[in-house]
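First up is the structure itself, then whatever we jot down about it.
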Amino acid sequence: MRRGWTIFADKKSGKNAEREELWKALDFLREGDTLVVPSLDRLGRSIQDLIAIVSGLRKCGVGFTSLHESLDTTAPGGHLVFHVFAALAEFIRELIVQGTNEGLDAARARGARLGRPPAMTDEQVRHARDLLARPENTVTSIAKLLGVSRNTIYNYVPELKGGRLALAEATSTAELPRPSRSEE
(Lines give C-alpha, C1' and ligand atoms only; values in the text may rest on other atoms or scores of the structure.)
Protein backbone atom coordinates (compact mmCIF):
# COMPACT_ATOMS: atom_id res chain seq x y z
CA MET A 1 0.00 0.00 0.00
CA ARG A 2 1.31 3.44 -0.97
CA ARG A 3 1.44 6.20 1.56
CA GLY A 4 0.78 9.88 1.09
CA TRP A 5 -1.47 11.87 -1.17
CA THR A 6 -1.47 12.41 -4.90
CA ILE A 7 -3.69 15.27 -6.01
CA PHE A 8 -5.37 15.47 -9.42
CA ALA A 9 -7.15 18.78 -10.03
CA ASP A 10 -9.83 18.81 -12.71
CA LYS A 11 -10.72 22.27 -14.04
CA LYS A 12 -13.56 21.12 -16.30
CA SER A 13 -17.20 20.69 -15.35
CA GLY A 14 -18.36 17.49 -13.70
CA LYS A 15 -20.89 17.00 -16.48
CA ASN A 16 -18.14 16.88 -19.13
CA ALA A 17 -17.12 13.31 -19.97
CA GLU A 18 -13.71 14.41 -21.33
CA ARG A 19 -11.94 15.09 -18.03
CA GLU A 20 -8.26 14.25 -18.41
CA GLU A 21 -7.35 14.60 -14.74
CA LEU A 22 -10.16 12.29 -13.60
CA TRP A 23 -9.01 9.59 -16.00
CA LYS A 24 -5.39 10.05 -14.85
CA ALA A 25 -6.52 9.69 -11.23
CA LEU A 26 -8.53 6.56 -11.99
CA ASP A 27 -5.55 5.03 -13.84
CA PHE A 28 -3.27 5.89 -10.92
CA LEU A 29 -5.41 4.14 -8.26
CA ARG A 30 -4.44 0.67 -7.01
CA GLU A 31 -6.07 -1.85 -4.67
CA GLY A 32 -6.20 -0.46 -1.14
CA ASP A 33 -6.21 3.19 -2.30
CA THR A 34 -9.11 5.56 -1.72
CA LEU A 35 -10.35 8.15 -4.20
CA VAL A 36 -11.33 11.34 -2.35
CA VAL A 37 -13.43 13.99 -4.08
CA PRO A 38 -14.74 17.31 -2.72
CA SER A 39 -18.35 16.41 -3.64
CA LEU A 40 -20.32 13.87 -5.67
CA ASP A 41 -21.13 16.34 -8.42
CA ARG A 42 -17.39 16.73 -9.14
CA LEU A 43 -17.15 13.03 -9.99
CA GLY A 44 -20.16 12.69 -12.29
CA ARG A 45 -23.46 14.32 -13.18
CA SER A 46 -25.70 11.30 -13.69
CA ILE A 47 -26.50 8.50 -11.31
CA GLN A 48 -25.40 6.00 -13.97
CA ASP A 49 -22.02 7.73 -14.29
CA LEU A 50 -21.46 7.89 -10.53
CA ILE A 51 -22.53 4.30 -9.96
CA ALA A 52 -20.37 3.05 -12.83
CA ILE A 53 -17.26 4.82 -11.51
CA VAL A 54 -17.78 3.83 -7.87
CA SER A 55 -18.69 0.24 -8.85
CA GLY A 56 -15.51 0.07 -10.96
CA LEU A 57 -13.50 1.34 -8.00
CA ARG A 58 -15.08 -1.23 -5.70
CA LYS A 59 -14.27 -4.09 -8.12
CA CYS A 60 -10.64 -2.96 -8.12
CA GLY A 61 -10.56 -2.82 -4.32
CA VAL A 62 -10.42 1.00 -4.26
CA GLY A 63 -12.41 2.96 -1.70
CA PHE A 64 -14.32 6.16 -2.38
CA THR A 65 -14.85 9.16 -0.13
CA SER A 66 -16.82 12.33 -0.82
CA LEU A 67 -15.93 15.09 1.63
CA HIS A 68 -19.00 17.29 1.22
CA GLU A 69 -21.43 14.45 1.75
CA SER A 70 -19.25 12.77 4.45
CA LEU A 71 -19.54 9.58 2.45
CA ASP A 72 -17.16 6.62 2.73
CA THR A 73 -17.96 3.57 0.61
CA THR A 74 -15.41 1.38 2.34
CA ALA A 75 -18.15 0.61 4.91
CA PRO A 76 -21.48 -1.10 4.00
CA GLY A 77 -23.53 1.82 5.35
CA GLY A 78 -21.49 4.24 3.25
CA HIS A 79 -22.16 2.16 0.14
CA LEU A 80 -25.93 2.40 0.75
CA VAL A 81 -25.76 6.12 1.51
CA PHE A 82 -23.74 6.63 -1.70
CA HIS A 83 -26.65 5.35 -3.80
CA VAL A 84 -29.09 7.63 -1.98
CA PHE A 85 -26.84 10.71 -2.36
CA ALA A 86 -26.17 9.91 -6.01
CA ALA A 87 -29.91 9.75 -6.71
CA LEU A 88 -30.46 13.05 -4.87
CA ALA A 89 -27.60 14.77 -6.73
CA GLU A 90 -29.10 13.76 -10.08
CA PHE A 91 -32.58 14.84 -8.94
CA ILE A 92 -31.31 18.28 -7.88
CA ARG A 93 -29.48 18.75 -11.16
CA GLU A 94 -32.64 17.88 -13.11
CA LEU A 95 -34.61 20.40 -11.04
CA ILE A 96 -32.04 23.10 -11.83
CA VAL A 97 -32.17 22.30 -15.57
CA GLN A 98 -35.97 22.27 -15.50
CA GLY A 99 -36.09 25.60 -13.63
CA THR A 100 -33.63 27.16 -16.08
CA ASN A 101 -35.65 25.98 -19.08
CA GLU A 102 -38.89 27.28 -17.52
CA GLY A 103 -37.23 30.65 -16.90
CA LEU A 104 -36.02 30.84 -20.51
CA ASP A 105 -39.48 29.90 -21.80
CA ALA A 106 -41.10 32.60 -19.61
CA ALA A 107 -38.58 35.20 -20.87
CA ARG A 108 -39.33 34.23 -24.49
CA ALA A 109 -43.07 34.50 -23.80
CA ARG A 110 -42.50 38.05 -22.48
CA GLY A 111 -40.70 38.84 -25.72
CA ALA A 112 -37.23 39.10 -24.19
CA ARG A 113 -34.39 38.70 -26.64
CA LEU A 114 -32.10 35.93 -25.44
CA GLY A 115 -28.48 35.41 -26.33
CA ARG A 116 -25.74 37.70 -27.48
CA PRO A 117 -26.82 41.10 -28.83
CA PRO A 118 -26.18 41.75 -32.52
CA ALA A 119 -22.74 43.13 -33.34
CA MET A 120 -24.16 45.72 -35.72
CA THR A 121 -27.43 47.64 -35.83
CA ASP A 122 -29.43 48.04 -39.04
CA GLU A 123 -28.23 51.64 -39.19
CA GLN A 124 -24.58 50.54 -38.94
CA VAL A 125 -25.12 47.99 -41.73
CA ARG A 126 -26.62 50.71 -43.97
CA HIS A 127 -23.71 53.03 -43.09
CA ALA A 128 -21.19 50.27 -43.90
CA ARG A 129 -22.88 49.65 -47.27
CA ASP A 130 -22.80 53.38 -48.07
CA LEU A 131 -19.10 53.58 -47.17
CA LEU A 132 -18.30 50.43 -49.15
CA ALA A 133 -19.84 52.00 -52.25
CA ARG A 134 -16.90 54.41 -52.33
CA PRO A 135 -13.78 52.67 -53.74
CA GLU A 136 -11.39 54.68 -51.52
CA ASN A 137 -12.83 53.05 -48.37
CA THR A 138 -11.41 49.70 -47.29
CA VAL A 139 -13.21 47.03 -45.29
CA THR A 140 -10.54 47.44 -42.59
CA SER A 141 -11.05 51.21 -42.31
CA ILE A 142 -14.85 50.82 -42.18
CA ALA A 143 -14.55 48.10 -39.53
CA LYS A 144 -12.33 50.36 -37.40
CA LEU A 145 -14.73 53.29 -37.86
CA LEU A 146 -17.70 51.19 -36.74
CA GLY A 147 -15.79 49.45 -33.93
CA VAL A 148 -16.24 45.93 -35.28
CA SER A 149 -14.00 43.33 -36.89
CA ARG A 150 -13.53 42.79 -40.63
CA ASN A 151 -15.30 39.42 -40.25
CA THR A 152 -18.31 41.17 -38.74
CA ILE A 153 -18.52 43.45 -41.79
CA TYR A 154 -18.37 40.39 -44.07
CA ASN A 155 -21.03 38.61 -41.97
CA TYR A 156 -23.46 41.55 -42.01
CA VAL A 157 -22.83 42.47 -45.65
CA PRO A 158 -22.77 38.98 -47.23
CA GLU A 159 -22.86 40.30 -50.79
CA LEU A 160 -19.40 41.76 -50.11
CA LYS A 161 -17.97 38.24 -50.21
CA GLY A 162 -18.45 38.31 -53.98
CA GLY A 163 -16.34 41.49 -54.14
CA ARG A 164 -17.25 45.14 -54.46
CA LEU A 165 -18.80 44.59 -57.89
CA ALA A 166 -21.30 42.13 -56.42
CA LEU A 167 -22.00 44.62 -53.62
CA ALA A 168 -22.57 47.44 -56.12
CA GLU A 169 -24.93 45.25 -58.17
CA ALA A 170 -26.85 44.14 -55.07
CA THR A 171 -27.12 47.72 -53.86
CA SER A 172 -28.23 49.09 -57.26
CA THR A 173 -30.87 46.37 -57.80
CA ALA A 174 -32.16 46.84 -54.27
CA GLU A 175 -32.74 50.54 -54.95
CA LEU A 176 -34.51 50.12 -58.30
CA PRO A 177 -38.26 50.63 -58.13
CA ARG A 178 -40.16 47.46 -58.90
CA PRO A 179 -42.75 47.65 -61.64
CA SER A 180 -46.35 47.39 -60.53
CA ARG A 181 -48.58 44.68 -62.00
CA SER A 182 -50.28 47.21 -64.29
CA GLU A 183 -46.92 48.25 -65.83
CA GLU A 184 -45.88 44.66 -66.70
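Chain labels follow the order of the C-alpha coordinates: the first chain is A, the next B, and so on; residue numbering restarts at 1 in every chain, and ligands are counted from 1 in their shown order.
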
How would you write, as a PDB file with N, CA and C atoms, in the first residue's frame, the set of residues in range 13-107 of chain A that DSSP gives as helix (DSSP H, G or I)?
ATOM      1  N   GLU A  20      -9.582  14.889 -18.422  1.00  0.00           N
ATOM      2  CA  GLU A  20      -8.264  14.250 -18.411  1.00  0.00           C
ATOM      3  C   GLU A  20      -7.783  13.890 -17.016  1.00  0.00           C
ATOM      4  N   GLU A  21      -7.882  14.831 -16.082  1.00  0.00           N
ATOM      5  CA  GLU A  21      -7.354  14.600 -14.735  1.00  0.00           C
ATOM      6  C   GLU A  21      -8.098  13.481 -14.012  1.00  0.00           C
ATOM      7  N   LEU A  22      -9.399  13.387 -14.224  1.00  0.00           N
ATOM      8  CA  LEU A  22     -10.156  12.292 -13.604  1.00  0.00           C
ATOM      9  C   LEU A  22      -9.650  10.961 -14.119  1.00  0.00           C
ATOM     10  N   TRP A  23      -9.465  10.864 -15.440  1.00  0.00           N
ATOM     11  CA  TRP A  23      -9.005   9.588 -16.002  1.00  0.00           C
ATOM     12  C   TRP A  23      -7.590   9.272 -15.546  1.00  0.00           C
ATOM     13  N   LYS A  24      -6.739  10.281 -15.386  1.00  0.00           N
ATOM     14  CA  LYS A  24      -5.385  10.049 -14.854  1.00  0.00           C
ATOM     15  C   LYS A  24      -5.469   9.525 -13.417  1.00  0.00           C
ATOM     16  N   ALA A  25      -6.358  10.124 -12.625  1.00  0.00           N
ATOM     17  CA  ALA A  25      -6.521   9.691 -11.235  1.00  0.00           C
ATOM     18  C   ALA A  25      -7.012   8.253 -11.167  1.00  0.00           C
ATOM     19  N   LEU A  26      -7.998   7.920 -12.003  1.00  0.00           N
ATOM     20  CA  LEU A  26      -8.534   6.558 -11.993  1.00  0.00           C
ATOM     21  C   LEU A  26      -7.483   5.542 -12.432  1.00  0.00           C
ATOM     22  N   ASP A  27      -6.633   5.922 -13.401  1.00  0.00           N
ATOM     23  CA  ASP A  27      -5.548   5.032 -13.841  1.00  0.00           C
ATOM     24  C   ASP A  27      -4.494   4.855 -12.758  1.00  0.00           C
ATOM     25  N   PHE A  28      -4.302   5.889 -11.957  1.00  0.00           N
ATOM     26  CA  PHE A  28      -3.274   5.890 -10.923  1.00  0.00           C
ATOM     27  C   PHE A  28      -3.648   4.989  -9.743  1.00  0.00           C
ATOM     28  N   LEU A  40     -19.875  14.832  -4.664  1.00  0.00           N
ATOM     29  CA  LEU A  40     -20.317  13.865  -5.670  1.00  0.00           C
ATOM     30  C   LEU A  40     -20.444  14.490  -7.052  1.00  0.00           C
ATOM     31  N   ASP A  41     -20.914  15.734  -7.106  1.00  0.00           N
ATOM     32  CA  ASP A  41     -21.125  16.342  -8.421  1.00  0.00           C
ATOM     33  C   ASP A  41     -19.821  16.644  -9.151  1.00  0.00           C
ATOM     34  N   ARG A  42     -18.685  16.566  -8.482  1.00  0.00           N
ATOM     35  CA  ARG A  42     -17.392  16.732  -9.144  1.00  0.00           C
ATOM     36  C   ARG A  42     -16.934  15.433  -9.806  1.00  0.00           C
ATOM     37  N   ILE A  47     -26.594   9.606 -12.263  1.00  0.00           N
ATOM     38  CA  ILE A  47     -26.500   8.500 -11.314  1.00  0.00           C
ATOM     39  C   ILE A  47     -25.797   7.307 -11.960  1.00  0.00           C
ATOM     40  N   GLN A  48     -26.044   7.110 -13.269  1.00  0.00           N
ATOM     41  CA  GLN A  48     -25.404   5.997 -13.968  1.00  0.00           C
ATOM     42  C   GLN A  48     -23.882   6.186 -13.981  1.00  0.00           C
ATOM     43  N   ASP A  49     -23.444   7.413 -14.243  1.00  0.00           N
ATOM     44  CA  ASP A  49     -22.017   7.729 -14.288  1.00  0.00           C
ATOM     45  C   ASP A  49     -21.367   7.499 -12.920  1.00  0.00           C
ATOM     46  N   LEU A  50     -21.999   8.048 -11.885  1.00  0.00           N
ATOM     47  CA  LEU A  50     -21.458   7.886 -10.526  1.00  0.00           C
ATOM     48  C   LEU A  50     -21.406   6.412 -10.120  1.00  0.00           C
ATOM     49  N   ILE A  51     -22.484   5.712 -10.359  1.00  0.00           N
ATOM     50  CA  ILE A  51     -22.533   4.296  -9.959  1.00  0.00           C
ATOM     51  C   ILE A  51     -21.500   3.486 -10.731  1.00  0.00           C
ATOM     52  N   ALA A  52     -21.360   3.782 -12.031  1.00  0.00           N
ATOM     53  CA  ALA A  52     -20.370   3.047 -12.833  1.00  0.00           C
ATOM     54  C   ALA A  52     -18.957   3.281 -12.303  1.00  0.00           C
ATOM     55  N   ILE A  53     -18.618   4.521 -11.997  1.00  0.00           N
ATOM     56  CA  ILE A  53     -17.264   4.825 -11.513  1.00  0.00           C
ATOM     57  C   ILE A  53     -17.027   4.186 -10.151  1.00  0.00           C
ATOM     58  N   VAL A  54     -17.975   4.379  -9.226  1.00  0.00           N
ATOM     59  CA  VAL A  54     -17.781   3.831  -7.872  1.00  0.00           C
ATOM     60  C   VAL A  54     -17.816   2.301  -7.895  1.00  0.00           C
ATOM     61  N   SER A  55     -18.656   1.702  -8.734  1.00  0.00           N
ATOM     62  CA  SER A  55     -18.687   0.238  -8.845  1.00  0.00           C
ATOM     63  C   SER A  55     -17.359  -0.268  -9.402  1.00  0.00           C
ATOM     64  N   GLY A  56     -16.822   0.438 -10.404  1.00  0.00           N
ATOM     65  CA  GLY A  56     -15.512   0.073 -10.958  1.00  0.00           C
ATOM     66  C   GLY A  56     -14.419   0.164  -9.912  1.00  0.00           C
ATOM     67  N   LEU A  57     -14.479   1.203  -9.085  1.00  0.00           N
ATOM     68  CA  LEU A  57     -13.497   1.345  -8.004  1.00  0.00           C
ATOM     69  C   LEU A  57     -13.616   0.182  -7.015  1.00  0.00           C
ATOM     70  N   ARG A  58     -14.847  -0.149  -6.676  1.00  0.00           N
ATOM     71  CA  ARG A  58     -15.085  -1.225  -5.703  1.00  0.00           C
ATOM     72  C   ARG A  58     -14.544  -2.567  -6.221  1.00  0.00           C
ATOM     73  N   LYS A  59     -14.767  -2.841  -7.528  1.00  0.00           N
ATOM     74  CA  LYS A  59     -14.269  -4.088  -8.122  1.00  0.00           C
ATOM     75  C   LYS A  59     -12.745  -4.166  -8.072  1.00  0.00           C
ATOM     76  N   PRO A  76     -20.201  -0.763   4.633  1.00  0.00           N
ATOM     77  CA  PRO A  76     -21.483  -1.100   4.003  1.00  0.00           C
ATOM     78  C   PRO A  76     -22.509   0.035   4.077  1.00  0.00           C
ATOM     79  N   GLY A  77     -22.583   0.709   5.208  1.00  0.00           N
ATOM     80  CA  GLY A  77     -23.528   1.825   5.353  1.00  0.00           C
ATOM     81  C   GLY A  77     -23.198   2.948   4.379  1.00  0.00           C
ATOM     82  N   GLY A  78     -21.924   3.199   4.178  1.00  0.00           N
ATOM     83  CA  GLY A  78     -21.489   4.239   3.249  1.00  0.00           C
ATOM     84  C   GLY A  78     -21.861   3.894   1.823  1.00  0.00           C
ATOM     85  N   HIS A  79     -21.794   2.606   1.496  1.00  0.00           N
ATOM     86  CA  HIS A  79     -22.159   2.162   0.144  1.00  0.00           C
ATOM     87  C   HIS A  79     -23.642   2.429  -0.111  1.00  0.00           C
ATOM     88  N   LEU A  80     -24.498   2.134   0.871  1.00  0.00           N
ATOM     89  CA  LEU A  80     -25.927   2.400   0.750  1.00  0.00           C
ATOM     90  C   LEU A  80     -26.188   3.902   0.635  1.00  0.00           C
ATOM     91  N   VAL A  81     -25.563   4.674   1.509  1.00  0.00           N
ATOM     92  CA  VAL A  81     -25.760   6.124   1.507  1.00  0.00           C
ATOM     93  C   VAL A  81     -25.288   6.711   0.178  1.00  0.00           C
ATOM     94  N   PHE A  82     -24.224   6.156  -0.408  1.00  0.00           N
ATOM     95  CA  PHE A  82     -23.745   6.634  -1.704  1.00  0.00           C
ATOM     96  C   PHE A  82     -24.859   6.601  -2.742  1.00  0.00           C
ATOM     97  N   HIS A  83     -25.581   5.478  -2.813  1.00  0.00           N
ATOM     98  CA  HIS A  83     -26.646   5.349  -3.801  1.00  0.00           C
ATOM     99  C   HIS A  83     -27.761   6.368  -3.551  1.00  0.00           C
ATOM    100  N   VAL A  84     -28.061   6.635  -2.306  1.00  0.00           N
ATOM    101  CA  VAL A  84     -29.091   7.633  -1.975  1.00  0.00           C
ATOM    102  C   VAL A  84     -28.611   9.023  -2.383  1.00  0.00           C
ATOM    103  N   PHE A  85     -27.379   9.389  -2.011  1.00  0.00           N
ATOM    104  CA  PHE A  85     -26.838  10.708  -2.365  1.00  0.00           C
ATOM    105  C   PHE A  85     -26.701  10.878  -3.875  1.00  0.00           C
ATOM    106  N   ALA A  86     -26.311   9.833  -4.561  1.00  0.00           N
ATOM    107  CA  ALA A  86     -26.171   9.912  -6.015  1.00  0.00           C
ATOM    108  C   ALA A  86     -27.523  10.189  -6.657  1.00  0.00           C
ATOM    109  N   ALA A  87     -28.565   9.522  -6.178  1.00  0.00           N
ATOM    110  CA  ALA A  87     -29.908   9.752  -6.711  1.00  0.00           C
ATOM    111  C   ALA A  87     -30.362  11.181  -6.421  1.00  0.00           C
ATOM    112  N   LEU A  88     -30.083  11.677  -5.217  1.00  0.00           N
ATOM    113  CA  LEU A  88     -30.458  13.046  -4.865  1.00  0.00           C
ATOM    114  C   LEU A  88     -29.690  14.068  -5.705  1.00  0.00           C
ATOM    115  N   ALA A  89     -28.412  13.846  -5.940  1.00  0.00           N
ATOM    116  CA  ALA A  89     -27.603  14.769  -6.734  1.00  0.00           C
ATOM    117  C   ALA A  89     -28.155  14.878  -8.150  1.00  0.00           C
ATOM    118  N   GLU A  90     -28.533  13.738  -8.731  1.00  0.00           N
ATOM    119  CA  GLU A  90     -29.103  13.765 -10.083  1.00  0.00           C
ATOM    120  C   GLU A  90     -30.458  14.466 -10.079  1.00  0.00           C
ATOM    121  N   PHE A  91     -31.267  14.214  -9.054  1.00  0.00           N
ATOM    122  CA  PHE A  91     -32.577  14.843  -8.942  1.00  0.00           C
ATOM    123  C   PHE A  91     -32.447  16.363  -8.852  1.00  0.00           C
ATOM    124  N   ILE A  92     -31.528  16.841  -8.033  1.00  0.00           N
ATOM    125  CA  ILE A  92     -31.315  18.284  -7.876  1.00  0.00           C
ATOM    126  C   ILE A  92     -30.846  18.903  -9.185  1.00  0.00           C
ATOM    127  N   ARG A  93     -29.947  18.231  -9.874  1.00  0.00           N
ATOM    128  CA  ARG A  93     -29.479  18.746 -11.164  1.00  0.00           C
ATOM    129  C   ARG A  93     -30.633  18.847 -12.156  1.00  0.00           C
ATOM    130  N   GLU A  94     -31.489  17.845 -12.203  1.00  0.00           N
ATOM    131  CA  GLU A  94     -32.635  17.879 -13.112  1.00  0.00           C
ATOM    132  C   GLU A  94     -33.592  19.002 -12.751  1.00  0.00           C
ATOM    133  N   LEU A  95     -33.765  19.280 -11.459  1.00  0.00           N
ATOM    134  CA  LEU A  95     -34.610  20.396 -11.037  1.00  0.00           C
ATOM    135  C   LEU A  95     -34.015  21.728 -11.501  1.00  0.00           C
ATOM    136  N   ILE A  96     -32.705  21.868 -11.399  1.00  0.00           N
ATOM    137  CA  ILE A  96     -32.043  23.099 -11.834  1.00  0.00           C
ATOM    138  C   ILE A  96     -32.222  23.291 -13.336  1.00  0.00           C
ATOM    139  N   VAL A  97     -32.006  22.228 -14.106  1.00  0.00           N
ATOM    140  CA  VAL A  97     -32.166  22.305 -15.570  1.00  0.00           C
ATOM    141  C   VAL A  97     -33.611  22.652 -15.911  1.00  0.00           C
ATOM    142  N   GLN A  98     -34.556  22.008 -15.252  1.00  0.00           N
ATOM    143  CA  GLN A  98     -35.971  22.273 -15.501  1.00  0.00           C
ATOM    144  C   GLN A  98     -36.308  23.725 -15.163  1.00  0.00           C
ATOM    145  N   GLY A  99     -35.840  24.215 -14.028  1.00  0.00           N
ATOM    146  CA  GLY A  99     -36.090  25.604 -13.633  1.00  0.00           C
ATOM    147  C   GLY A  99     -35.487  26.592 -14.615  1.00  0.00           C
ATOM    148  N   THR A 100     -34.278  26.296 -15.088  1.00  0.00           N
ATOM    149  CA  THR A 100     -33.626  27.161 -16.077  1.00  0.00           C
ATOM    150  C   THR A 100     -34.432  27.200 -17.368  1.00  0.00           C
ATOM    151  N   ASN A 101     -34.857  26.039 -17.847  1.00  0.00           N
ATOM    152  CA  ASN A 101     -35.650  25.981 -19.083  1.00  0.00           C
ATOM    153  C   ASN A 101     -36.989  26.710 -18.932  1.00  0.00           C
ATOM    154  N   GLU A 102     -37.624  26.571 -17.759  1.00  0.00           N
ATOM    155  CA  GLU A 102     -38.889  27.279 -17.521  1.00  0.00           C
ATOM    156  C   GLU A 102     -38.660  28.787 -17.511  1.00  0.00           C
ATOM    157  N   GLY A 103     -37.565  29.231 -16.917  1.00  0.00           N
ATOM    158  CA  GLY A 103     -37.231  30.653 -16.898  1.00  0.00           C
ATOM    159  C   GLY A 103     -36.985  31.191 -18.295  1.00  0.00           C
ATOM    160  N   LEU A 104     -36.273  30.420 -19.121  1.00  0.00           N
ATOM    161  CA  LEU A 104     -36.020  30.835 -20.507  1.00  0.00           C
ATOM    162  C   LEU A 104     -37.323  30.897 -21.297  1.00  0.00           C
ATOM    163  N   ASP A 105     -38.198  29.904 -21.100  1.00  0.00           N
ATOM    164  CA  ASP A 105     -39.483  29.900 -21.796  1.00  0.00           C
ATOM    165  C   ASP A 105     -40.326  31.107 -21.389  1.00  0.00           C
ATOM    166  N   ALA A 106     -40.334  31.442 -20.095  1.00  0.00           N
ATOM    167  CA  ALA A 106     -41.096  32.602 -19.614  1.00  0.00           C
ATOM    168  C   ALA A 106     -40.531  33.892 -20.200  1.00  0.00           C
ATOM    169  N   ALA A 107     -39.204  34.002 -20.287  1.00  0.00           N
ATOM    170  CA  ALA A 107     -38.579  35.199 -20.868  1.00  0.00           C
ATOM    171  C   ALA A 107     -38.946  35.321 -22.345  1.00  0.00           C
TER     172      ALA A 107
END

Taking only C-alpha atoms into account, which of A:Val157, A:Arg108, A:Arg116, A:Gly44 comes nearest Leu132 in chain A? A:Val157

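Counting only C-alpha atoms, the residue from A:Ala112, A:Val148, A:Val139, A:Leu29 that sits nearest to Lys161 in chain A is A:Val139.
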
Restricting the calculation to only C-alpha atoms, which member of A:Ser141, A:Ala128, A:Asp33, A:Pro38 is positioned closest to Pro158 in chain A?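 The answer is A:Ala128, which sits nearest to Pro158 in chain A.
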
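You will find CA of Leu160 in chain A at 9.1 Å from CA of Arg129 in chain A.
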
Nearest candidate to Asp10 in chain A (options A:Cys60, A:Leu43, A:Leu35, A:Ile142; using only C-alpha atoms):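 Closest candidate: A:Leu43.
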
Å distance separating CA of Thr65 in chain A from CA of Thr34 in chain A, one decimal place: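 Answer for the CA of Thr65 in chain A to CA of Thr34 in chain A separation: 7.0 Å.
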
Might you pull out every residue within 8 Å of Ser66 in chain A, with only C-alpha atoms counted and same-chain residues fewer than 2 positions away left off, and present them as a list in words?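 What passes the distance filter is Val36, Val37, Pro38, Ser39, Leu40, Phe64, His68, Glu69, Ser70, Leu71 and Asp72 of chain A.
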
CA of Ala109 in chain A and CA of Tyr156 in chain A, how far apart in Å?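 Here the two named atoms are 27.7 Å from each other.
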
Which residue of A:Ala75, A:Leu131, A:Glu31, A:Gly147 approaches Val62 in chain A most closely, using only C-alpha atoms: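 Closest candidate: A:Glu31.
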